[in-house]
Structure formats: C-alpha cells, structure tokens
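Participant: Please find work-v2.txt (compact mmCIF, C-alpha atoms) on the next line:
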```txt
# COMPACT_ATOMS: atom_id res chain seq x y z
CA MET A 20 -131.75 92.33 -102.42
CA THR A 21 -131.89 95.92 -101.18
CA GLN A 22 -128.95 98.08 -100.25
CA HIS A 23 -128.08 101.02 -98.00
CA ALA A 24 -126.35 104.29 -98.78
CA ASP A 25 -123.05 103.18 -97.28
CA ASP A 26 -122.70 100.28 -99.75
CA ALA A 27 -124.39 101.88 -102.74
CA VAL A 28 -123.83 100.72 -106.32
CA ALA A 29 -124.83 102.81 -109.31
CA VAL A 30 -125.17 102.60 -113.07
CA VAL A 31 -122.76 105.19 -114.50
CA GLY A 32 -122.76 104.26 -118.20
CA PHE A 33 -124.89 102.59 -120.82
CA ALA A 34 -124.60 101.92 -124.55
CA GLN A 35 -126.23 99.66 -127.10
CA SER A 36 -125.95 98.80 -130.75
CA PRO A 37 -128.84 99.45 -133.12
CA CYS A 38 -131.35 96.59 -133.12
CA SER A 39 -131.04 95.07 -136.58
CA PRO A 40 -132.68 92.18 -138.46
CA GLY A 41 -129.15 91.17 -139.44
CA ALA A 42 -125.94 92.54 -137.97
CA GLY A 43 -124.00 91.87 -141.18
CA THR A 44 -121.30 90.03 -139.27
CA THR A 45 -120.80 86.60 -137.73
CA SER A 46 -118.53 88.04 -135.04
CA GLY A 47 -119.73 89.18 -131.64
CA VAL A 48 -116.43 91.04 -131.37
CA GLU A 49 -117.29 93.39 -134.22
CA THR A 50 -120.62 94.20 -132.60
CA LEU A 51 -119.22 94.66 -129.10
CA VAL A 52 -116.15 96.83 -129.73
CA PRO A 53 -118.08 100.05 -130.53
CA VAL A 54 -120.57 99.32 -127.73
CA PHE A 55 -117.75 98.96 -125.17
CA ARG A 56 -116.17 102.18 -126.42
CA ALA A 57 -119.43 104.10 -126.09
CA ALA A 58 -120.31 102.69 -122.64
CA LEU A 59 -116.87 103.48 -121.22
CA ALA A 60 -116.97 106.99 -122.66
CA ASP A 61 -120.43 107.50 -121.16
CA ALA A 62 -119.04 106.48 -117.76
CA GLY A 63 -115.83 108.49 -118.08
CA LEU A 64 -113.73 105.35 -117.59
CA ALA A 65 -110.96 103.64 -119.53
CA ARG A 66 -110.85 99.92 -120.27
CA ARG A 67 -108.10 99.45 -117.69
CA ASP A 68 -110.30 101.05 -115.02
CA ILE A 69 -112.76 98.11 -115.09
CA ASP A 70 -112.20 95.61 -112.27
CA PHE A 71 -114.73 92.99 -113.36
CA TRP A 72 -116.34 92.02 -116.68
CA CYS A 73 -119.45 89.89 -116.88
CA SER A 74 -121.40 88.80 -119.97
CA GLY A 75 -124.66 87.19 -120.92
CA SER A 76 -125.11 85.19 -124.13
CA SER A 77 -126.02 81.71 -125.30
CA ASP A 78 -124.03 78.95 -126.97
CA TYR A 79 -127.14 77.34 -128.44
CA LEU A 80 -128.06 80.64 -130.13
CA ALA A 81 -124.55 81.02 -131.54
CA GLY A 82 -124.40 77.36 -132.51
CA ARG A 83 -120.97 76.67 -131.04
CA ALA A 84 -119.56 75.77 -127.65
CA PHE A 85 -117.94 78.48 -125.52
CA SER A 86 -118.97 81.17 -127.98
CA PHE A 87 -118.69 83.80 -125.24
CA VAL A 88 -114.94 83.19 -125.03
CA ASN A 89 -114.52 84.51 -128.56
CA ALA A 90 -116.30 87.71 -127.57
CA ILE A 91 -113.65 88.40 -124.92
CA ASP A 92 -111.39 89.40 -127.79
CA ALA A 93 -113.39 92.65 -127.81
CA ILE A 94 -111.95 93.43 -124.36
CA GLY A 95 -108.32 92.76 -125.28
CA ALA A 96 -105.71 90.28 -124.20
CA CYS A 97 -103.69 92.60 -121.99
CA PRO A 98 -103.82 93.31 -119.13
CA PRO A 99 -105.43 90.12 -117.74
CA ILE A 100 -109.01 90.59 -116.57
CA SER A 101 -111.42 89.18 -114.00
CA GLU A 102 -114.32 87.81 -116.06
CA SER A 103 -117.49 85.74 -115.73
CA HIS A 104 -120.46 84.70 -117.86
CA VAL A 105 -124.10 83.69 -117.53
CA GLU A 106 -125.94 81.56 -120.10
CA MET A 107 -128.97 83.85 -120.21
CA ASP A 108 -129.91 87.49 -120.59
CA ALA A 109 -127.15 89.82 -119.40
CA ALA A 110 -129.49 91.36 -116.82
CA TRP A 111 -128.51 88.34 -114.71
CA ALA A 112 -124.85 89.12 -115.40
CA LEU A 113 -125.58 92.57 -113.98
CA TYR A 114 -126.88 90.89 -110.83
CA GLU A 115 -123.61 88.94 -110.52
CA ALA A 116 -121.54 92.10 -111.01
CA TYR A 117 -123.69 93.97 -108.49
CA VAL A 118 -123.03 91.29 -105.85
CA LYS A 119 -119.33 91.33 -106.73
CA ILE A 120 -119.15 95.05 -105.98
CA LEU A 121 -121.20 94.72 -102.78
CA ALA A 122 -118.80 92.01 -101.62
CA GLY A 123 -115.89 94.42 -101.99
CA GLU A 124 -114.20 92.37 -104.70
CA ALA A 125 -114.51 95.13 -107.31
CA GLU A 126 -115.19 98.84 -107.49
CA THR A 127 -116.17 98.97 -111.14
CA ALA A 128 -117.74 96.46 -113.52
CA LEU A 129 -118.79 96.36 -117.16
CA VAL A 130 -121.72 94.08 -117.95
CA TYR A 131 -122.55 93.19 -121.53
CA GLY A 132 -124.86 90.96 -123.52
CA PHE A 133 -125.01 90.05 -127.18
CA GLY A 134 -126.85 87.74 -129.54
CA LYS A 135 -127.19 87.07 -133.25
CA SER A 136 -130.80 85.95 -133.51
CA SER A 137 -130.76 85.97 -137.31
CA ALA A 138 -128.26 83.12 -137.54
CA GLY A 139 -131.00 80.47 -137.31
CA GLU A 140 -134.74 80.06 -137.00
CA LEU A 141 -135.20 81.74 -133.64
CA ARG A 142 -138.72 80.42 -133.01
CA ARG A 143 -137.38 76.85 -133.15
CA VAL A 144 -134.09 77.53 -131.39
CA LEU A 145 -135.94 78.82 -128.33
CA ALA A 146 -137.77 75.50 -128.03
CA LEU A 147 -134.53 74.22 -126.52
CA GLN A 148 -135.23 76.17 -123.31
CA LEU A 149 -138.37 74.11 -122.63
CA ASP A 150 -138.67 71.07 -120.40
CA PRO A 151 -136.35 68.53 -122.11
CA TYR A 152 -138.48 65.48 -121.31
CA VAL A 153 -142.04 66.53 -122.13
CA ALA A 154 -142.22 69.84 -124.03
CA ALA A 155 -138.97 70.26 -126.00
CA PRO A 156 -139.31 66.99 -127.98
CA LEU A 157 -142.57 68.36 -129.40
CA TRP A 158 -140.70 71.45 -130.72
CA PRO A 159 -143.37 74.04 -129.88
CA ASP A 160 -141.97 77.33 -131.16
CA SER A 161 -141.65 80.38 -128.92
CA VAL A 162 -144.42 82.37 -130.63
CA SER A 163 -146.88 79.48 -130.26
CA VAL A 164 -146.02 79.14 -126.56
CA ALA A 165 -146.64 82.87 -126.11
CA ALA A 166 -149.91 82.52 -128.04
CA LEU A 167 -151.01 79.80 -125.62
CA GLN A 168 -150.37 82.17 -122.72
CA ALA A 169 -152.24 85.01 -124.45
CA ARG A 170 -155.22 82.78 -125.22
CA VAL A 171 -155.54 81.66 -121.59
CA ALA A 172 -155.50 85.29 -120.42
CA LEU A 173 -158.03 86.38 -123.07
CA GLU A 174 -160.41 83.57 -122.16
CA ALA A 175 -160.10 84.61 -118.51
CA GLY A 176 -161.27 88.10 -119.47
CA MET A 177 -158.10 89.80 -118.24
CA PHE A 178 -157.82 92.00 -121.35
CA SER A 179 -158.84 92.11 -125.01
CA GLU A 180 -157.05 91.94 -128.34
CA ARG A 181 -157.67 95.67 -128.64
CA ASP A 182 -155.81 96.22 -125.36
CA MET A 183 -152.91 94.26 -126.83
CA ALA A 184 -152.97 96.31 -130.04
CA GLU A 185 -152.93 99.53 -128.04
CA VAL A 186 -149.74 98.38 -126.33
CA ALA A 187 -148.12 97.85 -129.74
CA ALA A 188 -149.32 101.21 -131.08
CA ARG A 189 -147.99 103.09 -128.06
CA SER A 190 -144.67 101.24 -128.15
CA ARG A 191 -144.10 101.98 -131.83
CA ALA A 192 -144.95 105.64 -131.33
CA ASP A 193 -142.51 105.92 -128.40
CA ALA A 194 -139.81 104.17 -130.43
CA THR A 195 -139.82 106.99 -132.99
CA GLY A 196 -137.58 108.82 -130.52
CA ASN A 197 -135.22 105.87 -130.10
CA PRO A 198 -132.51 105.71 -132.80
CA TYR A 199 -131.67 102.14 -131.78
CA ALA A 200 -135.18 100.75 -132.34
CA GLN A 201 -135.79 98.31 -135.18
CA VAL A 202 -139.55 98.94 -135.46
CA SER A 203 -141.20 102.33 -135.00
CA GLY A 204 -143.91 104.52 -136.43
CA ARG A 205 -147.31 105.94 -135.65
CA THR A 206 -150.33 103.74 -136.16
CA THR A 207 -153.65 102.95 -134.53
CA ALA A 208 -155.06 99.89 -132.82
CA GLU A 209 -157.67 99.61 -135.58
CA GLU A 210 -155.02 99.44 -138.28
CA LEU A 211 -153.07 96.80 -136.37
CA LEU A 212 -156.13 94.66 -135.69
CA ALA A 213 -156.84 94.50 -139.42
CA GLY A 214 -153.74 92.33 -139.90
CA PRO A 215 -153.82 88.51 -140.05
CA TYR A 216 -153.01 86.24 -137.16
CA ARG A 217 -149.49 84.91 -136.89
CA ALA A 218 -150.28 82.41 -134.15
CA ASP A 219 -153.85 82.90 -132.92
CA PRO A 220 -154.46 85.19 -130.99
CA LEU A 221 -151.14 86.89 -131.80
CA ARG A 222 -150.67 89.08 -134.86
CA SER A 223 -147.32 90.35 -136.09
CA HIS A 224 -147.60 93.54 -134.02
CA ASP A 225 -148.03 91.41 -130.87
CA CYS A 226 -144.64 89.76 -131.42
CA PRO A 227 -141.08 91.08 -131.18
CA PRO A 228 -138.90 91.45 -134.28
CA VAL A 229 -135.98 89.06 -134.73
CA SER A 230 -133.04 91.28 -133.77
CA ASP A 231 -129.26 91.12 -133.64
CA GLY A 232 -127.54 93.43 -131.20
CA ALA A 233 -125.60 94.07 -128.02
CA ALA A 234 -125.66 96.29 -124.95
CA ALA A 235 -123.32 97.23 -122.12
CA VAL A 236 -123.88 98.75 -118.67
CA VAL A 237 -121.12 100.14 -116.43
CA LEU A 238 -121.50 99.82 -112.64
CA ALA A 239 -119.47 101.56 -109.95
CA ALA A 240 -119.28 101.55 -106.15
CA GLY A 241 -120.47 104.65 -104.30
CA HIS A 242 -117.38 106.85 -104.21
CA ARG A 243 -116.31 105.85 -107.73
CA ALA A 244 -119.80 106.52 -109.06
CA ARG A 245 -119.82 110.04 -107.63
CA ARG A 246 -116.38 110.69 -109.11
CA HIS A 247 -117.34 109.71 -112.65
CA ARG A 248 -120.95 110.80 -112.92
CA ASP A 249 -122.75 113.96 -111.77
CA ARG A 250 -126.07 112.11 -111.53
CA PRO A 251 -125.57 108.32 -111.17
CA ALA A 252 -128.53 105.97 -111.31
CA TRP A 253 -128.33 104.34 -107.88
CA ILE A 254 -129.50 100.75 -107.55
CA THR A 255 -131.73 100.74 -104.48
CA GLY A 256 -132.97 97.18 -104.93
CA LEU A 257 -132.31 94.21 -107.19
CA ALA A 258 -133.83 90.73 -107.08
CA HIS A 259 -134.76 87.82 -109.32
CA ARG A 260 -137.05 84.82 -108.96
CA ILE A 261 -138.07 81.81 -111.05
CA ASP A 262 -141.33 79.95 -111.70
CA PRO A 263 -141.60 76.25 -112.67
CA GLN A 264 -140.32 75.40 -116.13
CA GLY A 265 -143.23 73.15 -117.09
CA LEU A 266 -145.99 75.07 -118.84
CA GLY A 267 -148.64 72.92 -117.11
CA GLU A 268 -147.15 73.45 -113.65
CA ARG A 269 -148.14 77.10 -113.27
CA ASP A 270 -150.93 79.56 -113.98
CA LEU A 271 -149.80 81.24 -117.19
CA THR A 272 -151.94 84.29 -116.44
CA ALA A 273 -150.06 85.04 -113.20
CA VAL A 274 -146.39 85.90 -112.84
CA PRO A 275 -145.61 85.16 -109.18
CA SER A 276 -141.84 85.27 -109.75
CA ALA A 277 -142.14 88.88 -110.97
CA THR A 278 -144.31 89.79 -107.98
CA ALA A 279 -141.82 88.22 -105.56
CA ALA A 280 -138.81 89.84 -107.23
CA ALA A 281 -140.53 93.24 -107.13
CA ALA A 282 -141.28 92.87 -103.42
CA ASP A 283 -137.71 91.87 -102.61
CA ALA A 284 -136.31 94.75 -104.69
CA GLY A 285 -138.52 97.27 -102.88
CA LEU A 286 -140.59 98.16 -105.93
CA ASP A 287 -143.68 100.22 -105.18
CA GLY A 288 -145.95 102.62 -107.01
CA ASP A 289 -143.60 105.56 -106.43
CA LEU A 290 -142.09 105.41 -109.92
CA ASP A 291 -141.79 107.75 -112.85
CA VAL A 292 -140.75 105.17 -115.46
CA ALA A 293 -140.70 101.39 -115.83
CA GLU A 294 -138.84 99.65 -118.64
CA LEU A 295 -140.40 96.19 -118.92
CA HIS A 296 -138.83 93.36 -120.90
CA ALA A 297 -142.10 92.20 -122.44
CA PRO A 298 -141.42 90.62 -125.86
CA PHE A 299 -145.18 90.15 -126.49
CA THR A 300 -147.97 92.69 -126.04
CA HIS A 301 -149.98 90.53 -123.64
CA GLN A 302 -146.88 90.02 -121.48
CA GLU A 303 -146.68 93.75 -120.80
CA LEU A 304 -150.28 93.65 -119.57
CA LEU A 305 -149.54 90.64 -117.35
CA LEU A 306 -146.40 92.28 -115.96
CA ARG A 307 -148.16 95.54 -115.16
CA ALA A 308 -150.59 93.59 -112.98
CA ALA A 309 -147.91 91.37 -111.42
CA LEU A 310 -145.70 94.34 -110.53
CA GLY A 311 -148.60 96.48 -109.33
CA LEU A 312 -147.70 99.44 -111.56
CA PRO A 313 -150.22 102.28 -111.27
CA GLU A 314 -151.53 104.13 -114.34
CA PRO A 315 -149.32 107.27 -114.02
CA VAL A 316 -146.10 105.23 -114.43
CA ARG A 317 -144.78 105.60 -117.96
CA ILE A 318 -144.11 102.20 -119.50
CA ASN A 319 -141.27 101.62 -121.99
CA PRO A 320 -140.54 105.13 -123.31
CA SER A 321 -137.81 103.44 -125.39
CA GLY A 322 -140.39 101.33 -127.22
CA GLY A 323 -139.29 98.20 -125.38
CA ALA A 324 -138.64 94.72 -126.73
CA LEU A 325 -141.60 94.99 -129.11
CA CYS A 326 -139.50 97.43 -131.14
CA GLY A 327 -136.15 95.66 -130.85
CA ASN A 328 -135.43 92.36 -129.13
CA PRO A 329 -131.79 91.28 -129.44
CA MET A 330 -131.59 88.02 -127.53
CA PHE A 331 -129.57 88.08 -124.30
CA SER A 332 -129.16 91.86 -124.26
CA ALA A 333 -132.79 93.09 -124.45
CA GLY A 334 -133.31 92.65 -120.70
CA LEU A 335 -130.03 94.41 -119.86
CA SER A 336 -131.08 97.22 -122.21
CA ARG A 337 -134.27 97.70 -120.20
CA ILE A 338 -132.15 98.36 -117.09
CA GLY A 339 -129.83 100.60 -119.08
CA ALA A 340 -132.75 102.54 -120.57
CA ALA A 341 -134.28 102.99 -117.10
CA ALA A 342 -130.91 104.18 -115.78
CA GLU A 343 -130.66 106.70 -118.63
CA GLN A 344 -133.94 108.22 -117.48
CA ILE A 345 -132.33 108.84 -114.08
CA MET A 346 -128.91 109.98 -115.34
CA SER A 347 -130.46 112.45 -117.80
CA GLY A 348 -132.70 113.97 -115.13
CA ARG A 349 -135.91 112.92 -116.89
CA ALA A 350 -136.92 110.69 -113.95
CA ARG A 351 -136.42 110.61 -110.21
CA ARG A 352 -137.15 106.92 -109.70
CA ALA A 353 -137.32 104.15 -112.30
CA ALA A 354 -137.42 100.38 -112.62
CA GLY A 355 -135.85 98.02 -115.12
CA HIS A 356 -137.23 94.52 -115.64
CA ALA A 357 -135.85 91.48 -117.48
CA THR A 358 -137.32 88.08 -118.27
CA SER A 359 -135.91 84.81 -119.49
CA GLY A 360 -137.38 81.43 -120.32
CA PRO A 361 -140.79 80.56 -121.78
CA ALA A 362 -143.94 82.54 -120.93
CA LEU A 363 -142.28 84.88 -118.38
CA GLN A 364 -140.78 82.01 -116.42
CA GLN A 365 -137.88 83.94 -114.86
CA ASN A 366 -138.02 87.59 -113.82
CA LEU A 367 -135.56 90.18 -112.51
CA VAL A 368 -136.44 93.61 -111.14
CA CYS A 369 -133.98 96.47 -110.66
CA VAL A 370 -135.09 99.66 -108.88
CA LEU A 371 -133.07 102.80 -109.59
CA ALA A 372 -133.16 106.26 -108.04
CA ALA A 373 -131.45 109.64 -108.24
CA THR A 374 -130.33 109.29 -104.61
CA PRO A 375 -129.00 106.13 -102.89
```
Please lay out the structure from this file as structure tokens.
Facilitator:
Amino acid sequence: MTQHADDAVAVVGFAQSPCSPGAGTTSGVETLVPVFRAALADAGLARRDIDFWCSGSSDYLAGRAFSFVNAIDAIGACPPISESHVEMDAAWALYEAYVKILAGEAETALVYGFGKSSAGELRRVLALQLDPYVAAPLWPDSVSVAALQARVALEAGMFSERDMAEVAARSRADATGNPYAQVSGRTTAEELLAGPYRADPLRSHDCPPVSDGAAAVVLAAGHRARRHRDRPAWITGLAHRIDPQGLGERDLTAVPSATAAAADAGLDGDLDVAELHAPFTHQELLLRAALGLPEPVRINPSGGALCGNPMFSAGLSRIGAAAEQIMSGRARRAAGHATSGPALQQNLVCVLAATP
C-alpha cells in the first residue's frame, strides 16, 4: 500500500525497553509503562491525545488466554479508549493503525508490542506456529528449523559460513552504539567461527539471544505530524505478504513474500538505511537478495535482532529504528522490515522518507 502527500501518515515517536535475558517481572504492564511515557514524550503528545491504540503480543508466549488485556492496564482505565490487538509481531499492529488513520477514523495512534521470552523454553514454544497436522507434532524447535533453511542455502552456494559470521561481527560492532542492545562488542569472523555448532550449520553467533522487552511507535496524520515533530518520518509505502506455512511447500532459499511486499511498498535501491528483522545471520543474507538492497545501503545500524530479539516487538523496533534515522536527520530515506512465522514465512516492509 502506497500513499500520497494529501493523506500522509508519519512516525512521530519511538521508544523501547532494553533487551534483557530476563525482565525481572511477570507483568507486561511494568515493562510497558515507561515505554509509553518515553514514546509519548518523544512525540510531544499526552496519553489523552491518542485516538487509537493497537498492540502485538502472543497468548501462547505468555501462557495465558487474553494476556494482552492485562497489558491495557498500562494505558489506564479512564478515559475509555479505542483499542485493537494482533496475535503476532506489533509491526502488523502498526499496519492496522496505519490503515485506521488513512480511513479517517483516527488522527493519532500508539502501536506497541511486548513479550517475555524468558518465561518458557522459547525454542519449543515457537514450534506451536508450525503446521499443526504435520510439523508441529514433531516439535522441531525454532533454531533447528532455521538451521534447515541455512543448510539448504549453503548447499546451493548462495553464501558461506564466513559470510554469516561477518554479518554477526558487523551487527555486534554496530550494537555498541545502541544502549538497548543485549549483545554487543567487537570481534572478528575468525573468532566467531572457532565456536561450536549449536544446530549445524548455526553457531551461537548465528542465532538471536532470548530477550524480554517492549517497544512503542506513535503515528500521526499529516497535519498532526507536522504540528508535533519538526522532521517526521513519513510512511511512503507499507505492505505485507505471506508464504505457505508448510516448510516443504516453498523454496526456503527464496523469500517471495518479502519481494512482493517490497514491490507493493515502493521499495527500491534509493535508500540510506534498512533495518531488517533477521533473527538469524543467514536470514539477513536471504533478505538482502529478496529485497534487492544494493551494497551502499547500511543494514541494521542498531545491531538488529541478532543483538536483541524481544518476541512480538523486535519487528516493530526495526520500523522504529528506521524512523529514528529519518527523524534525527541521519538518513533521507529508510526502510523497516518485520518477519513472523518459521523461516521468514511472513514479511512486512515499511518505506519511510523525510518528505511525504
């Protein structure tokens, strides 16, 4: 979905919690309250100024039904609000809020995502997103599924394990400038390749850390965005697509849903920055090819999901981090990407610019 200047929507605020191996709380409310406060302050808005709230989370990650309802306590009981929820990464909640504003049903929206990955064994929990008849009963864990995808790509000669290690080394170095990152530091591909396999051909550096955390993005319609932000990050295109759920029903080395979403969002090589939601090193390499990103585009200056991967907010954070590049003046045009499901099954692309 692309938009025109007369119905422009912009990101005007972004905040996130530190990515942590354990949030130290069982309450999403305690995590979200400071994030809401920071996002609203960044946008120059008060809680009562938000017309629509939309969240992304997962009941099966929290282990209880309607867990997102408890998180609404972080918003407050009065005045009544217009609210919605998606059972996936909050990047898709941002899509819903974006459409809500385009439809004229709201002028402002706050989108948030949260997840406590440390509450259970995440690798096994994520098996529940697989095909319920064939794959899920076998309980293949998420790292093993990703390793299967990496092995297919390696055997096809698309890249090498060194290429994957270089992605990790660059991401960790970039994350040294990100106070919210869980993993950071300067290292070399050689040092990383000396480590043992975690799930052949993936080593620990190829995989994301288990992270608790939350993020929030504030959207505003054109005139409101200009009022509250000197340099809004205008959404010039936003689209999402899905590939078949069955792992044997698609080529795991191609990501056609990402390619289609990028085309519909108007993504091209004219970018300064791309924040890709690639939880595994090989997935960044696959996404670069699927999205057609040329070499000069800087990938994941935040460090990306490899350095902090809070479930159900990591994709939203990629859009927020891309928007920050625009709002701070460090970039003229940027893209945020989010994925959900096994082996890059679902993909969303958001193109942002300094002008609508």
Participant: For segment 107-116 of chain A, list every protein, DNA or RNA residue within 8 Å, evaluated using all atoms listed in the file, and leave out those in the same chain fewer than 5 positions away; present the list as number ranges by chain.
Facilitator: A: 71-77, 128-132, 236, 238, 257-258, 330-335, 338, 357-359, 367
Participant: With only C-alpha atoms as the counted atoms, please give the residues lying no more than 7 Å from Val30 of chain A, apart from itself and same-chain residues fewer than 4 positions off, as a PyMOL selection string.
Facilitator: chain A and resi 236-239+251-253+342
Participant: With only C-alpha atoms as the atoms that count, which of A:Ser86, A:Cys326, A:Arg250, A:Val118 lies nearest to Ala350 of chain A?
Facilitator: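 The closest residue to Ala350 of chain A is A:Arg250.
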Participant: Under the rule that only C-alpha atoms are counted, which of A:Ala65, A:Ala282, A:Ala235, A:Val48 is the nearest residue to Asp92 of chain A?
Facilitator: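 For Asp92 of chain A, the nearest of the candidates is A:Val48.
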Participant: In Å, rounded to a single decimal, give me how far atom CA of Met183 of chain A is from atom CA of Ser163 of chain A.
Facilitator: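 So the two atoms, atom CA of Ser163 of chain A and atom CA of Met183 of chain A, lie 16.3 Å apart.
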Participant: Using only C-alpha atoms, which protein or nucleic acid residues come within 8 Å of segment 54-57 of chain A? Drop anything in the same chain fewer than 6 positions from it, and give the result as a compact mmCIF listing (two decimals) with C-alpha atoms, in the frame of the given file.
Facilitator:
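Once everything was written out, this is out.txt:
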```txt
# COMPACT_ATOMS: atom_id res chain seq x y z
CA PHE A 33 -124.89 102.59 -120.82
CA ALA A 34 -124.60 101.92 -124.55
CA GLN A 35 -126.23 99.66 -127.10
CA SER A 36 -125.95 98.80 -130.75
CA ALA A 233 -125.60 94.07 -128.02
CA ALA A 234 -125.66 96.29 -124.95
CA ALA A 235 -123.32 97.23 -122.12
```
Participant: Mind giving me the straight-line distance from atom CA of Gln365 of chain A to atom CA of Ser223 of chain A in Å, one decimal?
Facilitator: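 Going from atom CA of Gln365 of chain A over to atom CA of Ser223 of chain A, I get 24.1 Å.
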Participant: Neighbourhood query: residues within 12 Å of (-147.5, 92.8, -120.4), file coordinates, counting all atoms listed in the file; return as a ChimeraX atom specification.
Facilitator: /A:165,168-169,172,177-178,182-187,190,225-226,272-274,277,293-312,318-319,323-325,356,358,362-363
Participant: Which residues are close to Ser46 of chain A, i.e. within 12 Å by all atoms listed in the file, leaving aside same-chain residues fewer than 6 positions away? Reply as a ChimeraX atom specification.
Facilitator: /A:52,81,86-93,133-135,138,231-233
Participant: With distances taken over only C-alpha atoms, which residue among A:Gly348, A:Gly327, A:Gly123, A:Gly95 lies nearest Pro228 of chain A?
Facilitator: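 Among the listed residues, A:Gly327 lies closest to Pro228 of chain A.
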Participant: Quick one: everything within 10 Å of Leu167 of chain A, counting all atoms listed in the file, minus sequence neighbours fewer than 2 positions away in the same chain. Send it as a ChimeraX atom specification.
Facilitator: /A:161-165,169-173,218-221,266,271,362
Participant: Those same residues - C-alpha atoms - I'd like them written as a CSV table (one decimal), in the coordinates of the input.
Facilitator:
```
chain,number,residue,atom,x,y,z
A,161,SER,CA,-141.6,80.4,-128.9
A,162,VAL,CA,-144.4,82.4,-130.6
A,163,SER,CA,-146.9,79.5,-130.3
A,164,VAL,CA,-146.0,79.1,-126.6
A,165,ALA,CA,-146.6,82.9,-126.1
A,169,ALA,CA,-152.2,85.0,-124.4
A,170,ARG,CA,-155.2,82.8,-125.2
A,171,VAL,CA,-155.5,81.7,-121.6
A,172,ALA,CA,-155.5,85.3,-120.4
A,173,LEU,CA,-158.0,86.4,-123.1
A,218,ALA,CA,-150.3,82.4,-134.2
A,219,ASP,CA,-153.8,82.9,-132.9
A,220,PRO,CA,-154.5,85.2,-131.0
A,221,LEU,CA,-151.1,86.9,-131.8
A,266,LEU,CA,-146.0,75.1,-118.8
A,271,LEU,CA,-149.8,81.2,-117.2
A,362,ALA,CA,-143.9,82.5,-120.9
```
Participant: Distance atom CA of Gln364 of chain A-atom CA of Ser336 of chain A, one decimal place?
Facilitator: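 One can read the atom CA of Gln364 of chain A to atom CA of Ser336 of chain A distance as 18.9 Å.
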Participant: Please write out, as lines of an AutoDock Vina configuration file, where the centre of an axis-aligned box around all listed atoms of segment 197-210 of chain A lies and how long its edges are, in Å to one decimal, after adding 3 Å on each side.
Facilitator:
```
center_x = -144.7
center_y = 102.1
center_z = -134.2
size_x = 32.0
size_y = 13.6
size_z = 14.2
```
Participant: Check the smallest atom-to-atom distance from each of A:Pro329, A:Gly139, A:Gly204, A:Ala354 to Thr50 of chain A using only C-alpha atoms, then report the winner.
Facilitator: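 Going through A:Pro329, A:Gly139, A:Gly204, A:Ala354 one by one, the smallest distance to Thr50 of chain A is for A:Pro329.
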Participant: Closest to Ala155 of chain A among A:Pro37, A:Val368, A:Gly241, A:Gln264, using only C-alpha atoms?
Facilitator: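 Residue with the minimum atom-to-atom distance to Ala155 of chain A: A:Gln264.
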Participant: Closest to Arg142 of chain A among A:Leu211, A:Ile261, A:Ala244, A:Val229, using all atoms listed in the file?
Facilitator: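 The closest residue to Arg142 of chain A is A:Val229.
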